[in-house]
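Q: My questions will all concern the structure given below.
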Amino acid sequence: MIVVRALIFIVLVSGAVGFGIPYFLLSGAGPGSHIPLGVFRWVGLLLMAAASCAYLACVYDFITAGRGTPAPYDPPRRLVSRRLYRHVRNPMYLSLLALLLGEAIALESRILLAYAAAVAVAVNLFVVLYEEPHLTRRFGATYEAYRRAVPRWIPRWTPAQEPPGGPKQVEGGG
């Protein structure tokens, strides 16, 4: 059932941000919204593919290690601090932003580049103003140790160790 809940969030929310809104923005794009990149636009497709794989790996970790979904109304019951989360605290958001950047490059679109920048600002504000304080209250010292060990946006080259005592579980879930 948790997989179904995660899929619903991915399709409705991530699908809208990653594909629905960009499609809407491009449908009204007029002259001057094009950035000629030539063969470099293929880099955008590679970035989109890598970002999609990273995003799905993060969702998998939320389901298997965290026992929850990416949705704020159905969050993981355990702090997820494995695989990509040992390099950077927000790999799922970075994956989404990389997908948007890849779309902007592949489609040679100034509008999508501006949209990706706007989403980056919104995501940063969400993380700083809501998510980090919420995770600090939810997971306490374990999350604080994780915050000290793993950067918010710029990935570490070498993975951090798991927080002391391993990932903390929140009884009762959500």
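In the structure tokens, chains take the letters A, B, ... in the order shown, each chain's residues start at 1, and ligands count up from 1 in the order shown.
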Considering only C-alpha atoms, return as a ChimeraX atom specification whatever protein or nucleic-acid residues lie within 10 Å of segment 129-134 of chain A, sequence-local ones (same chain, fewer than 4 positions apart) excluded.
A: /A:72,123-125,138-140,143-144,147,152
Q: Quote the spacing between atom CA of Leu7 of chain A and atom CA of Ile154 of chain A in Å to one decimal place.
A: 27.6 Å
Q: I want to know what sits within 7 Å of segment 108-119 of chain A, based on only C-alpha atoms, with residues of the same chain fewer than 2 positions away left out; could you give that as a PyMOL selection string?
A: chain A and resi 22+33-37+41+97+100-101+104-106+121-123
Q: Could you turn the residues from that selection into a file that holds C-alpha atoms, as a CSV table (one decimal), in the first residue's frame?
A:
```csv
chain,number,residue,atom,x,y,z
A,22,PRO,CA,6.8,23.0,-18.0
A,33,SER,CA,12.2,32.1,-25.7
A,34,HIS,CA,14.6,29.8,-27.6
A,35,ILE,CA,18.3,29.3,-26.6
A,36,PRO,CA,20.1,27.7,-29.6
A,37,LEU,CA,22.4,25.0,-28.1
A,41,ARG,CA,21.0,20.0,-26.1
A,97,LEU,CA,15.9,20.6,-10.1
A,100,LEU,CA,14.0,20.8,-14.8
A,101,LEU,CA,17.5,22.1,-15.9
A,104,ALA,CA,15.5,23.6,-20.2
A,105,ILE,CA,18.7,22.5,-22.0
A,106,ALA,CA,17.1,19.7,-24.1
A,121,VAL,CA,14.2,29.4,-4.7
A,122,ALA,CA,10.8,27.9,-3.6
A,123,VAL,CA,12.4,24.6,-2.6
```
Q: Any chance you could list, as a PyMOL selection string, the residues in chain A that come up strand (DSSP E or B) when DSSP is run on the backbone?
A: chain A and resi 34+78+109+169
Q: Please dump the current selection as a CSV table (one decimal), in the first residue's frame; keep N, CA, C and O atoms.
A:
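Result written to selection.csv:
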```
chain,number,residue,atom,x,y,z
A,34,HIS,N,13.8,30.9,-27.1
A,34,HIS,CA,14.6,29.8,-27.6
A,34,HIS,C,16.1,30.1,-27.3
A,34,HIS,O,16.5,31.2,-27.6
A,78,ARG,N,11.2,6.8,9.7
A,78,ARG,CA,12.6,6.7,10.1
A,78,ARG,C,13.4,7.8,9.3
A,78,ARG,O,13.0,8.0,8.1
A,109,SER,N,15.1,26.2,-23.9
A,109,SER,CA,14.0,27.1,-23.4
A,109,SER,C,14.5,28.0,-22.3
A,109,SER,O,14.8,27.6,-21.2
A,169,GLN,N,13.7,6.1,14.7
A,169,GLN,CA,12.4,5.7,14.3
A,169,GLN,C,11.4,6.6,15.1
A,169,GLN,O,11.6,6.8,16.3
```
Q: Among chain A, which residues carry a DSSP assignment of helix (DSSP H, G or I), reported as a PyMOL selection string?
A: chain A and resi 2-27+38-64+83-86+91-106+110-139+141-149
Q: Rank nothing, just name the residue among A:Val127, A:Val3, A:Leu84, A:Ala141 nearest to Pro159 of chain A, using only C-alpha atoms.
A: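 So, comparing all the options, the nearest one is A:Leu84.
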Q: Using only C-alpha atoms, determine which residues lie at most 10 Å from segment 87-93 of chain A, disregarding the query and same-chain residues fewer than 4 positions distant; provide the list as a ChimeraX atom specification.
A: /A:51-52,54-59,70,80-83,97-99,119-120,123-124,127,146-147,149-161
Q: May I ask which of the residues A:Ala145, A:Thr136, A:Leu107, A:Arg86 is the closest one to Gly38 of chain A, counting only C-alpha atoms?
A: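 Among the listed residues, A:Leu107 lies closest to Gly38 of chain A.
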Q: Separation of atom CA of Phe9 of chain A and atom CA of Phe62 of chain A, in Å?
A: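 The value is 12.5 Å.
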Q: Check the smallest atom-to-atom distance from each of A:Cys53, A:Ile8, A:Leu79, A:Met48 to Ala65 of chain A using only C-alpha atoms, then report the winner.
A: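 For Ala65 of chain A, the nearest of the candidates is A:Leu79.
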Q: By how many Å are atom CA of Gly102 of chain A and atom CA of Leu12 of chain A apart?
A: 20.4 Å
